[in-house]
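Enquirer: File name structure-v1.csv; file contents CSV, C-alpha atoms; full text below.
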```csv
chain,number,residue,atom,x,y,z
A,4,MET,CA,0.0,0.0,0.0
A,5,SER,CA,1.5,3.3,-1.0
A,6,GLU,CA,1.4,6.5,1.2
A,7,MET,CA,-1.7,8.6,0.9
A,8,ARG,CA,-0.6,12.2,0.3
A,9,ILE,CA,-2.5,15.4,1.2
A,10,LYS,CA,-2.6,17.7,-1.8
A,11,ILE,CA,-4.2,20.9,-3.0
A,12,ASP,CA,-6.1,20.4,-6.3
A,13,PRO,CA,-7.3,23.8,-7.7
A,14,LYS,CA,-8.8,21.9,-10.6
A,15,SER,CA,-11.5,20.4,-8.3
A,16,LEU,CA,-12.9,23.9,-7.8
A,17,SER,CA,-13.9,23.9,-11.5
A,18,GLN,CA,-16.4,21.2,-10.6
A,19,THR,CA,-18.1,23.4,-8.1
A,20,ARG,CA,-20.8,25.6,-9.6
A,21,TRP,CA,-21.8,29.1,-8.4
A,22,TYR,CA,-25.1,27.9,-7.1
A,23,GLU,CA,-23.5,25.2,-5.0
A,24,CYS,CA,-21.4,27.9,-3.2
A,25,ALA,CA,-24.6,30.0,-2.9
A,26,ILE,CA,-26.4,27.0,-1.2
A,27,ARG,CA,-23.6,26.7,1.3
A,28,PHE,CA,-23.6,30.5,1.9
A,29,VAL,CA,-27.3,30.6,2.5
A,30,LEU,CA,-27.4,27.5,4.8
A,31,GLY,CA,-24.4,28.8,6.7
A,32,GLY,CA,-25.9,32.3,7.1
A,33,MET,CA,-29.3,30.8,8.2
A,34,ILE,CA,-27.8,28.5,10.9
A,35,THR,CA,-25.8,31.5,12.3
A,36,VAL,CA,-29.0,33.6,12.4
A,37,VAL,CA,-30.9,30.7,14.0
A,38,ALA,CA,-28.2,30.2,16.7
A,39,GLY,CA,-28.3,33.9,17.5
A,40,LEU,CA,-32.1,34.1,17.7
A,41,LEU,CA,-32.3,31.0,19.9
A,42,ALA,CA,-29.5,32.4,22.2
A,43,LYS,CA,-31.6,35.6,22.5
A,44,LYS,CA,-34.8,33.8,23.2
A,45,PHE,CA,-33.7,30.8,25.4
A,46,GLY,CA,-30.3,31.9,26.5
A,47,PRO,CA,-26.7,31.0,25.5
A,48,ALA,CA,-27.0,27.4,26.7
A,49,VAL,CA,-29.6,26.5,24.0
A,50,GLY,CA,-28.1,28.8,21.3
A,51,GLY,CA,-24.7,27.1,21.8
A,52,LEU,CA,-26.1,23.8,20.8
A,53,PHE,CA,-26.4,25.0,17.2
A,54,LEU,CA,-22.7,25.9,16.9
A,55,ALA,CA,-22.1,22.4,15.8
A,56,PHE,CA,-25.3,21.6,13.9
A,57,PRO,CA,-24.7,19.7,10.6
A,58,ALA,CA,-26.5,22.4,8.6
A,59,ILE,CA,-24.4,22.3,5.4
A,60,PHE,CA,-23.3,18.7,5.8
A,61,PRO,CA,-26.2,17.2,3.7
A,62,ALA,CA,-25.5,19.7,0.9
A,63,SER,CA,-21.8,19.1,1.0
A,64,ALA,CA,-22.0,15.3,1.0
A,65,THR,CA,-24.6,15.3,-1.8
A,66,LEU,CA,-22.2,17.5,-3.8
A,67,VAL,CA,-19.3,15.1,-3.2
A,68,GLU,CA,-21.5,12.2,-4.3
A,69,LYS,CA,-22.6,14.1,-7.4
A,70,HIS,CA,-19.1,15.2,-8.4
A,71,GLU,CA,-17.8,11.7,-8.1
A,72,LYS,CA,-20.7,10.3,-10.2
A,73,GLU,CA,-20.1,13.0,-12.9
A,74,LYS,CA,-16.4,12.2,-13.0
A,75,LYS,CA,-17.1,8.5,-13.6
A,76,ALA,CA,-19.9,9.3,-16.1
A,77,GLN,CA,-17.4,11.3,-18.2
A,78,GLN,CA,-15.3,8.1,-18.4
A,79,GLY,CA,-18.4,6.2,-19.5
A,80,LEU,CA,-18.7,4.4,-16.1
A,81,HIS,CA,-21.6,4.2,-13.6
A,82,GLY,CA,-20.4,6.1,-10.6
A,83,GLU,CA,-23.3,5.3,-8.3
A,84,GLU,CA,-21.3,3.2,-5.8
A,85,ARG,CA,-18.2,5.4,-6.1
A,86,GLY,CA,-20.3,8.5,-5.4
A,87,ARG,CA,-21.6,6.8,-2.2
A,88,ASP,CA,-18.1,5.7,-1.2
A,89,ALA,CA,-16.8,9.3,-1.7
A,90,ALA,CA,-19.6,10.7,0.5
A,91,ALA,CA,-18.8,8.0,3.1
A,92,LEU,CA,-15.2,9.0,3.1
A,93,ASP,CA,-16.2,12.7,3.5
A,94,ALA,CA,-18.4,11.7,6.5
A,95,ALA,CA,-15.5,9.7,8.0
A,96,GLY,CA,-13.3,12.7,7.7
A,97,ALA,CA,-15.9,14.9,9.3
A,98,ALA,CA,-16.0,12.5,12.2
A,99,MET,CA,-12.3,13.3,12.8
A,100,GLY,CA,-13.2,17.0,12.5
A,101,SER,CA,-16.0,16.7,15.1
A,102,ILE,CA,-13.6,15.3,17.7
A,103,GLY,CA,-11.4,18.3,16.9
A,104,LEU,CA,-14.5,20.4,17.4
A,105,LEU,CA,-15.0,19.0,20.9
A,106,ILE,CA,-11.4,20.1,21.7
A,107,PHE,CA,-12.3,23.5,20.2
A,108,ALA,CA,-15.3,23.8,22.4
A,109,VAL,CA,-13.5,22.8,25.6
A,110,THR,CA,-10.7,25.3,24.9
A,111,VAL,CA,-13.1,28.2,24.3
A,112,TRP,CA,-15.3,27.3,27.3
A,113,LEU,CA,-12.4,27.1,29.7
A,114,LEU,CA,-10.1,29.9,28.5
A,115,LEU,CA,-12.5,32.5,27.1
A,116,PRO,CA,-13.6,34.0,30.5
A,117,ASN,CA,-10.1,35.0,31.5
A,118,HIS,CA,-8.2,35.5,28.3
A,119,SER,CA,-8.2,37.6,25.1
A,120,ALA,CA,-11.0,36.6,22.8
A,121,TRP,CA,-8.8,36.9,19.7
A,122,ALA,CA,-6.1,34.7,21.2
A,123,VAL,CA,-8.6,32.0,22.5
A,124,LEU,CA,-10.5,31.8,19.2
A,125,SER,CA,-7.3,31.6,17.1
A,126,GLY,CA,-5.7,29.1,19.5
A,127,ALA,CA,-8.8,26.9,19.6
A,128,SER,CA,-9.0,26.9,15.7
A,129,VAL,CA,-5.4,25.8,15.5
A,130,LEU,CA,-6.1,23.1,18.0
A,131,TRP,CA,-9.2,22.0,16.0
A,132,PHE,CA,-7.0,21.7,12.9
A,133,VAL,CA,-4.0,20.0,14.4
A,134,SER,CA,-6.1,17.5,16.5
A,135,SER,CA,-8.3,16.6,13.5
A,136,CYS,CA,-5.2,16.2,11.3
A,137,CYS,CA,-3.5,13.9,13.9
A,138,LEU,CA,-6.7,11.8,14.2
A,139,TRP,CA,-6.9,11.6,10.4
A,140,PHE,CA,-3.3,10.5,10.2
A,141,LEU,CA,-3.7,7.9,12.9
A,142,ARG,CA,-6.9,6.5,11.1
A,143,GLU,CA,-5.2,6.4,7.7
A,144,HIS,CA,-2.1,4.8,9.1
A,145,ARG,CA,-3.7,2.6,11.7
A,146,HIS,CA,-2.3,-0.5,10.1
A,147,LYS,CA,1.2,0.7,10.8
A,148,VAL,CA,0.5,2.4,14.1
A,149,PHE,CA,-1.8,-0.2,15.7
A,150,GLY,CA,-1.5,-3.2,13.5
A,151,PHE,CA,-5.1,-2.9,12.1
A,152,GLU,CA,-5.9,-3.8,8.5
A,153,PRO,CA,-6.9,-0.8,6.4
A,154,ASN,CA,-10.2,-0.9,4.6
A,155,ALA,CA,-8.8,-1.8,1.2
A,156,LYS,CA,-12.1,-1.2,-0.6
A,157,HIS,CA,-12.2,2.4,0.2
A,158,VAL,CA,-8.6,3.1,0.0
A,159,THR,CA,-8.3,1.8,-3.5
A,160,ARG,CA,-11.6,3.1,-4.8
A,161,VAL,CA,-11.9,6.7,-3.9
A,162,SER,CA,-9.2,8.0,-1.5
A,163,ARG,CA,-6.6,8.5,-4.2
A,164,SER,CA,-8.8,9.9,-6.8
B,155,MET,CA,-32.9,43.6,11.3
B,156,GLY,CA,-29.4,44.9,10.7
B,157,ASP,CA,-28.0,42.5,13.3
B,158,ILE,CA,-29.7,39.5,11.5
B,159,ALA,CA,-28.3,40.6,8.2
B,160,ILE,CA,-24.8,40.9,9.6
B,161,ARG,CA,-25.1,37.5,11.2
B,162,PHE,CA,-26.3,36.0,7.9
B,163,ILE,CA,-23.5,37.5,5.9
B,164,ILE,CA,-20.7,36.7,8.4
B,165,GLY,CA,-22.0,33.1,8.9
B,166,GLY,CA,-22.4,32.6,5.2
B,167,LEU,CA,-18.9,33.8,4.5
B,168,PHE,CA,-17.2,31.6,7.2
B,169,VAL,CA,-19.1,28.5,6.1
B,170,THR,CA,-18.4,29.1,2.4
B,171,ALA,CA,-14.7,29.8,3.0
B,172,PHE,CA,-14.2,26.5,5.0
B,173,ALA,CA,-16.2,24.6,2.4
B,174,VAL,CA,-14.0,25.9,-0.5
B,175,ILE,CA,-10.9,24.9,1.4
B,176,GLY,CA,-12.4,21.4,1.8
B,177,ASP,CA,-13.1,21.3,-2.0
B,178,LEU,CA,-9.5,22.1,-2.8
B,179,LEU,CA,-8.0,19.3,-0.7
B,180,LYS,CA,-7.4,15.7,-1.5
B,181,PRO,CA,-7.8,12.9,-0.4
B,182,LYS,CA,-11.5,13.1,0.3
B,183,SER,CA,-11.3,11.6,3.8
B,184,PHE,CA,-8.9,14.5,4.7
B,185,ALA,CA,-11.1,17.1,3.0
B,186,GLY,CA,-14.0,15.8,5.0
B,187,ILE,CA,-12.4,17.3,8.2
B,188,PHE,CA,-13.6,20.6,6.9
B,189,GLY,CA,-17.2,19.3,7.0
B,190,ALA,CA,-16.9,19.7,10.7
B,191,ALA,CA,-15.0,23.0,10.7
B,192,PRO,CA,-15.8,25.5,13.5
B,193,SER,CA,-17.2,27.9,10.8
B,194,VAL,CA,-20.6,28.7,12.4
B,195,ALA,CA,-18.9,28.6,15.9
B,196,LEU,CA,-16.3,31.2,14.9
B,197,ALA,CA,-18.9,33.5,13.3
B,198,THR,CA,-21.4,33.2,16.2
B,199,LEU,CA,-18.8,33.4,19.0
B,200,GLY,CA,-17.1,36.4,17.4
B,201,LEU,CA,-20.4,38.3,17.2
B,202,THR,CA,-21.5,37.2,20.7
B,203,ILE,CA,-18.2,38.3,22.2
B,204,ALA,CA,-18.6,41.7,20.5
B,205,LYS,CA,-22.1,42.1,21.8
B,206,ASN,CA,-22.3,40.2,25.1
B,207,GLY,CA,-18.8,39.7,26.3
B,208,ASN,CA,-16.5,36.7,26.9
B,209,ALA,CA,-18.3,35.1,29.8
B,210,TYR,CA,-21.6,34.9,27.8
B,211,ALA,CA,-19.8,33.4,24.8
B,212,ALA,CA,-18.1,30.8,27.1
B,213,LEU,CA,-21.6,29.5,28.0
B,214,GLU,CA,-22.4,29.0,24.4
B,215,ALA,CA,-19.1,27.1,24.0
B,216,ARG,CA,-20.0,24.9,26.9
B,217,SER,CA,-23.2,23.8,25.2
B,218,MET,CA,-21.2,23.3,22.0
B,219,LEU,CA,-19.6,20.3,23.8
B,220,ALA,CA,-22.9,18.4,23.6
B,221,ALA,CA,-23.4,19.5,19.9
B,222,ALA,CA,-19.9,18.5,18.9
B,223,GLY,CA,-20.4,15.0,20.5
B,224,ALA,CA,-23.7,14.8,18.7
B,225,LEU,CA,-22.0,15.7,15.4
B,226,LEU,CA,-19.5,12.9,16.0
B,227,VAL,CA,-22.4,10.4,16.4
B,228,TYR,CA,-24.1,11.9,13.3
B,229,CYS,CA,-21.0,11.5,11.1
B,230,VAL,CA,-20.4,7.9,12.2
B,231,LEU,CA,-24.1,7.1,11.6
B,232,VAL,CA,-23.9,8.8,8.1
B,233,THR,CA,-20.8,6.8,7.2
B,234,TRP,CA,-22.5,3.6,8.4
B,235,LEU,CA,-25.7,4.3,6.5
B,236,LEU,CA,-23.8,5.0,3.3
B,237,LYS,CA,-21.6,2.0,3.5
B,238,ARG,CA,-24.0,-0.6,5.0
B,239,ASP,CA,-27.4,0.5,3.9
B,240,HIS,CA,-26.3,1.9,0.5
B,241,LEU,CA,-28.5,5.0,1.0
B,242,HIS,CA,-27.9,8.0,-1.2
B,243,ALA,CA,-26.0,10.9,0.4
B,244,LEU,CA,-29.0,13.1,0.8
B,245,ALA,CA,-31.2,10.4,2.4
B,246,ALA,CA,-28.4,9.3,4.8
B,247,THR,CA,-27.4,12.8,5.9
B,248,SER,CA,-31.0,14.0,6.2
B,249,SER,CA,-32.3,11.1,8.2
B,250,ALA,CA,-29.3,11.1,10.6
B,251,ILE,CA,-30.2,14.6,11.7
B,252,LEU,CA,-32.7,13.1,14.0
B,253,ALA,CA,-29.9,11.4,15.8
B,254,TRP,CA,-28.0,14.7,16.1
B,255,PHE,CA,-31.1,16.3,17.9
B,256,ILE,CA,-31.5,13.3,20.2
B,257,VAL,CA,-27.8,13.2,21.3
B,258,ALA,CA,-27.3,17.0,21.4
B,259,PHE,CA,-30.4,17.8,23.5
B,260,GLY,CA,-30.1,14.5,25.5
B,261,ALA,CA,-26.5,15.3,26.5
B,262,TRP,CA,-27.4,18.9,27.2
B,263,TYR,CA,-30.3,17.9,29.4
B,264,VAL,CA,-28.4,15.3,31.3
B,265,TRP,CA,-25.0,17.0,31.9
B,266,LEU,CA,-25.2,20.7,30.9
B,267,LYS,CA,-28.6,22.1,31.8
```
Please, can you express the file's structure as structure tokens?

Expert:
Amino acid sequence: MSEMRIKIDPKSLSQTRWYECAIRFVLGGMITVVAGLLAKKFGPAVGGLFLAFPAIFPASATLVEKHEKEKKAQQGLHGEERGRDAAALDAAGAAMGSIGLLIFAVTVWLLLPNHSAWAVLSGASVLWFVSSCCLWFLREHRHKVFGFEPNAKHVTRVSRS
Amino acid sequence: MGDIAIRFIIGGLFVTAFAVIGDLLKPKSFAGIFGAAPSVALATLGLTIAKNGNAYAALEARSMLAAAGALLVYCVLVTWLLKRDHLHALAATSSAILAWFIVAFGAWYVWLK
């Protein structure tokens, strides 16, 4: 099994259409407004629950599935299963990100009352990113680190595309 | 009304920015990390701090613990539904939202209320 490399692929942006960005913008804006309105009506304890609501996740996963299907269709292949696999990989990555989000929340909750807001939010964001990356790395290299077998089906099908 | 418009624009910008970063990255499992980026949290907490101060925003972050735990359950469930039940992405991600509500509000009620 060869190493899985993280790379930036500007070409993949060409697959994203303007209205797909608009959907994310509207959903993101709406959930931020809802969180603010709920905090105003029911207090910060209820409003805070919507800071990690999967508002744009259904749209994002659907787009990942659609783009993968389109890519395979261009090659004259049926991309149904590949599209689903790509969306499943996206969700698995988001699971790593949500553990990072727990670390983000703990950091902000404990440090914000006594420290600079700018420093706490920046530090918590860095912690989210670093912890998520470490978890992703451990998951992808679990066969080396822990001796587990990798999920060959998903590694070969979509991860390297 | 102005406050709502500002919230909408800032929230939309943060979410779109993180989503575009995710679109740029490969492999897909790594890009997926950005599906759980603190985009709404940064927008909301930033606005809350500016308006209500640090202590008030810290209370929101405390509840976010339950929400982030629920998001983890949600993502694992979506992965499982896609891989085992062969549901389409929209069906899997939409139906699993019920689990997010149960876990988030359940955890908040039991430990954080």

Enquirer: Any chance you could tabulate, as JSON lines, the residues of segment 194-225 of chain B at most 8 Å from segment 44-68 of chain A with each one's nearest atom pair and distance in Å to one decimal, using all atoms listed in the file, in chain and rising number order?

Expert:
```
{"residue": "B:Val194", "atom": "CA", "partner": "A:Leu54", "partner_atom": "CA", "distance": 5.7}
{"residue": "B:Ala195", "atom": "CA", "partner": "A:Leu54", "partner_atom": "CA", "distance": 4.8}
{"residue": "B:Thr198", "atom": "CA", "partner": "A:Leu54", "partner_atom": "CA", "distance": 7.4}
{"residue": "B:Tyr210", "atom": "CA", "partner": "A:Pro47", "partner_atom": "CA", "distance": 6.8}
{"residue": "B:Ala211", "atom": "CA", "partner": "A:Pro47", "partner_atom": "CA", "distance": 7.3}
{"residue": "B:Leu213", "atom": "CA", "partner": "A:Pro47", "partner_atom": "CA", "distance": 5.9}
{"residue": "B:Glu214", "atom": "CA", "partner": "A:Gly51", "partner_atom": "CA", "distance": 4.0}
{"residue": "B:Ala215", "atom": "CA", "partner": "A:Gly51", "partner_atom": "CA", "distance": 6.0}
{"residue": "B:Arg216", "atom": "CA", "partner": "A:Gly51", "partner_atom": "CA", "distance": 7.3}
{"residue": "B:Ser217", "atom": "CA", "partner": "A:Gly51", "partner_atom": "CA", "distance": 5.0}
{"residue": "B:Met218", "atom": "CA", "partner": "A:Leu52", "partner_atom": "CA", "distance": 5.1}
{"residue": "B:Leu219", "atom": "CA", "partner": "A:Leu52", "partner_atom": "CA", "distance": 8.0}
{"residue": "B:Ala220", "atom": "CA", "partner": "A:Leu52", "partner_atom": "CA", "distance": 6.9}
{"residue": "B:Ala221", "atom": "CA", "partner": "A:Leu52", "partner_atom": "CA", "distance": 5.2}
{"residue": "B:Ala222", "atom": "CA", "partner": "A:Ala55", "partner_atom": "CA", "distance": 5.4}
{"residue": "B:Leu225", "atom": "CA", "partner": "A:Ala55", "partner_atom": "CA", "distance": 6.7}
```

Enquirer: For a test of reading the model, state the distance in Å between atom CA of Leu179 of chain B and atom CA of His81 of chain A, rounded to one decimal.

Expert: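 So the answer is 24.1 Å.
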
Enquirer: Find the nearest atom pair between each residue of chain B and chain A for residues within 7 Å, count all atoms listed in the file, give distances in Å to one decimal, sort rows by chain and ascending number, and present the table as a Markdown table.

Expert:
```
| residue | atom | partner | partner_atom | distance |
| --- | --- | --- | --- | --- |
| B:Ile158 | CA | A:Val36 | CA | 6.0 |
| B:Arg161 | CA | A:Val36 | CA | 5.6 |
| B:Phe162 | CA | A:Gly32 | CA | 3.8 |
| B:Ile163 | CA | A:Gly32 | CA | 5.9 |
| B:Ile164 | CA | A:Gly32 | CA | 6.9 |
| B:Gly165 | CA | A:Gly32 | CA | 4.4 |
| B:Gly166 | CA | A:Gly32 | CA | 4.0 |
| B:Leu167 | CA | A:Phe28 | CA | 6.3 |
| B:Val169 | CA | A:Gly31 | CA | 5.3 |
| B:Thr170 | CA | A:Phe28 | CA | 5.4 |
| B:Asp177 | CA | A:Leu16 | CA | 6.4 |
| B:Leu178 | CA | A:Asp12 | CA | 5.2 |
| B:Leu179 | CA | A:Ile11 | CA | 4.7 |
| B:Lys180 | CA | A:Lys10 | CA | 5.2 |
| B:Pro181 | CA | A:Ser162 | CA | 5.2 |
| B:Lys182 | CA | A:Asp93 | CA | 5.7 |
| B:Ser183 | CA | A:Gly96 | CA | 4.5 |
| B:Phe184 | CA | A:Gly96 | CA | 5.6 |
| B:Ala185 | CA | A:Asp93 | CA | 6.8 |
| B:Gly186 | CA | A:Asp93 | CA | 4.1 |
| B:Ile187 | CA | A:Gly100 | CA | 4.4 |
| B:Phe188 | CA | A:Ala97 | CA | 6.6 |
| B:Gly189 | CA | A:Ala97 | CA | 5.1 |
| B:Ala190 | CA | A:Gly100 | CA | 4.9 |
| B:Ala191 | CA | A:Gly100 | CA | 6.5 |
| B:Pro192 | CA | A:Leu104 | CA | 6.6 |
| B:Val194 | CA | A:Leu54 | CA | 5.7 |
| B:Ala195 | CA | A:Leu54 | CA | 4.8 |
| B:Thr198 | CA | A:Thr35 | CA | 6.1 |
| B:Asn208 | CA | A:Pro116 | CA | 5.4 |
| B:Ala209 | CA | A:Pro116 | CA | 4.9 |
| B:Tyr210 | CA | A:Pro47 | CA | 6.8 |
| B:Ala212 | CA | A:Trp112 | CA | 4.5 |
| B:Leu213 | CA | A:Pro47 | CA | 5.9 |
| B:Glu214 | CA | A:Gly51 | CA | 4.0 |
| B:Ala215 | CA | A:Trp112 | CA | 5.0 |
| B:Arg216 | CA | A:Trp112 | CA | 5.3 |
| B:Ser217 | CA | A:Gly51 | CA | 5.0 |
| B:Met218 | CA | A:Leu52 | CA | 5.1 |
| B:Leu219 | CA | A:Leu105 | CA | 5.6 |
| B:Ala220 | CA | A:Leu52 | CA | 6.9 |
| B:Ala221 | CA | A:Leu52 | CA | 5.2 |
| B:Ala222 | CA | A:Leu105 | CA | 5.3 |
| B:Gly223 | CA | A:Leu105 | CA | 6.7 |
| B:Leu225 | CA | A:Ser101 | CA | 6.1 |
| B:Leu226 | CA | A:Ala98 | CA | 5.2 |
| B:Cys229 | CA | A:Ala98 | CA | 5.2 |
| B:Val230 | CA | A:Ala98 | CA | 6.4 |
| B:Val232 | CA | A:Ala94 | CA | 6.4 |
| B:Thr233 | CA | A:Ala91 | CA | 4.7 |
| B:Leu236 | CA | A:Ala91 | CA | 5.8 |
| B:Lys237 | CA | A:Ala91 | CA | 6.6 |
| B:His242 | CA | A:Arg87 | CA | 6.5 |
| B:Ala243 | CA | A:Thr65 | CA | 5.1 |
| B:Leu244 | CA | A:Thr65 | CA | 5.6 |
| B:Thr247 | CA | A:Pro61 | CA | 5.1 |
| B:Ser248 | CA | A:Pro61 | CA | 6.3 |
| B:Ala258 | CA | A:Leu52 | CA | 6.9 |
```

Enquirer: How many Å lie between atom CA of Val123 of chain A and atom CA of Gly200 of chain B, rounded to one decimal?

Expert: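 Taking atom CA of Val123 of chain A and atom CA of Gly200 of chain B, their separation equals 10.8 Å.
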
Enquirer: Which one of B:Ala253, B:Leu241, B:Ala171, B:Ala197 sits closest to Ala224 of chain B if you count only C-alpha atoms?

Expert: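 Using only C-alpha atoms, Ala224 of chain B sits closest to B:Ala253.
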
Enquirer: To one decimal in Å, tell me the separation between atom CA of Thr202 of chain B and atom CA of Leu41 of chain A.

Expert: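 Answer for the atom CA of Thr202 of chain B to atom CA of Leu41 of chain A separation: 12.5 Å.
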
Enquirer: Name the closest residue to Arg20 of chain A among the candidates B:Val227, B:Val174, B:Ala261, B:Ala159; distances are taken between atoms, counting only C-alpha atoms.

Expert: B:Val174

Enquirer: Pop segment 200-264 of chain B out of the structure in the block and write C-alpha atoms as a tab-separated table (two decimals), in the first residue's frame.

Expert:
```tsv
chain	number	residue	atom	x	y	z
B	200	GLY	CA	-17.13	36.37	17.43
B	201	LEU	CA	-20.44	38.25	17.19
B	202	THR	CA	-21.51	37.16	20.69
B	203	ILE	CA	-18.21	38.31	22.21
B	204	ALA	CA	-18.55	41.70	20.51
B	205	LYS	CA	-22.09	42.14	21.80
B	206	ASN	CA	-22.33	40.24	25.12
B	207	GLY	CA	-18.76	39.69	26.27
B	208	ASN	CA	-16.47	36.71	26.87
B	209	ALA	CA	-18.33	35.07	29.77
B	210	TYR	CA	-21.61	34.88	27.83
B	211	ALA	CA	-19.85	33.38	24.79
B	212	ALA	CA	-18.12	30.82	27.06
B	213	LEU	CA	-21.58	29.53	28.04
B	214	GLU	CA	-22.37	28.99	24.37
B	215	ALA	CA	-19.07	27.10	23.98
B	216	ARG	CA	-20.03	24.88	26.94
B	217	SER	CA	-23.23	23.78	25.16
B	218	MET	CA	-21.23	23.30	22.00
B	219	LEU	CA	-19.61	20.30	23.76
B	220	ALA	CA	-22.92	18.42	23.55
B	221	ALA	CA	-23.41	19.52	19.95
B	222	ALA	CA	-19.91	18.45	18.87
B	223	GLY	CA	-20.42	15.05	20.53
B	224	ALA	CA	-23.72	14.76	18.66
B	225	LEU	CA	-21.95	15.72	15.42
B	226	LEU	CA	-19.49	12.88	15.95
B	227	VAL	CA	-22.38	10.41	16.40
B	228	TYR	CA	-24.07	11.93	13.33
B	229	CYS	CA	-20.96	11.53	11.12
B	230	VAL	CA	-20.37	7.93	12.24
B	231	LEU	CA	-24.05	7.13	11.58
B	232	VAL	CA	-23.94	8.76	8.11
B	233	THR	CA	-20.79	6.77	7.23
B	234	TRP	CA	-22.52	3.59	8.37
B	235	LEU	CA	-25.74	4.33	6.46
B	236	LEU	CA	-23.80	5.02	3.26
B	237	LYS	CA	-21.59	1.97	3.53
B	238	ARG	CA	-23.96	-0.61	4.98
B	239	ASP	CA	-27.44	0.49	3.94
B	240	HIS	CA	-26.35	1.89	0.54
B	241	LEU	CA	-28.49	4.97	0.99
B	242	HIS	CA	-27.90	8.02	-1.19
B	243	ALA	CA	-25.98	10.86	0.44
B	244	LEU	CA	-29.01	13.14	0.80
B	245	ALA	CA	-31.16	10.39	2.36
B	246	ALA	CA	-28.39	9.31	4.77
B	247	THR	CA	-27.38	12.82	5.86
B	248	SER	CA	-30.97	14.05	6.23
B	249	SER	CA	-32.30	11.06	8.17
B	250	ALA	CA	-29.34	11.07	10.57
B	251	ILE	CA	-30.16	14.64	11.68
B	252	LEU	CA	-32.75	13.13	14.04
B	253	ALA	CA	-29.88	11.36	15.83
B	254	TRP	CA	-28.05	14.69	16.15
B	255	PHE	CA	-31.07	16.26	17.86
B	256	ILE	CA	-31.52	13.31	20.24
B	257	VAL	CA	-27.84	13.17	21.27
B	258	ALA	CA	-27.30	16.95	21.44
B	259	PHE	CA	-30.41	17.76	23.47
B	260	GLY	CA	-30.10	14.54	25.52
B	261	ALA	CA	-26.49	15.30	26.51
B	262	TRP	CA	-27.36	18.94	27.19
B	263	TYR	CA	-30.34	17.94	29.38
B	264	VAL	CA	-28.42	15.29	31.35
```
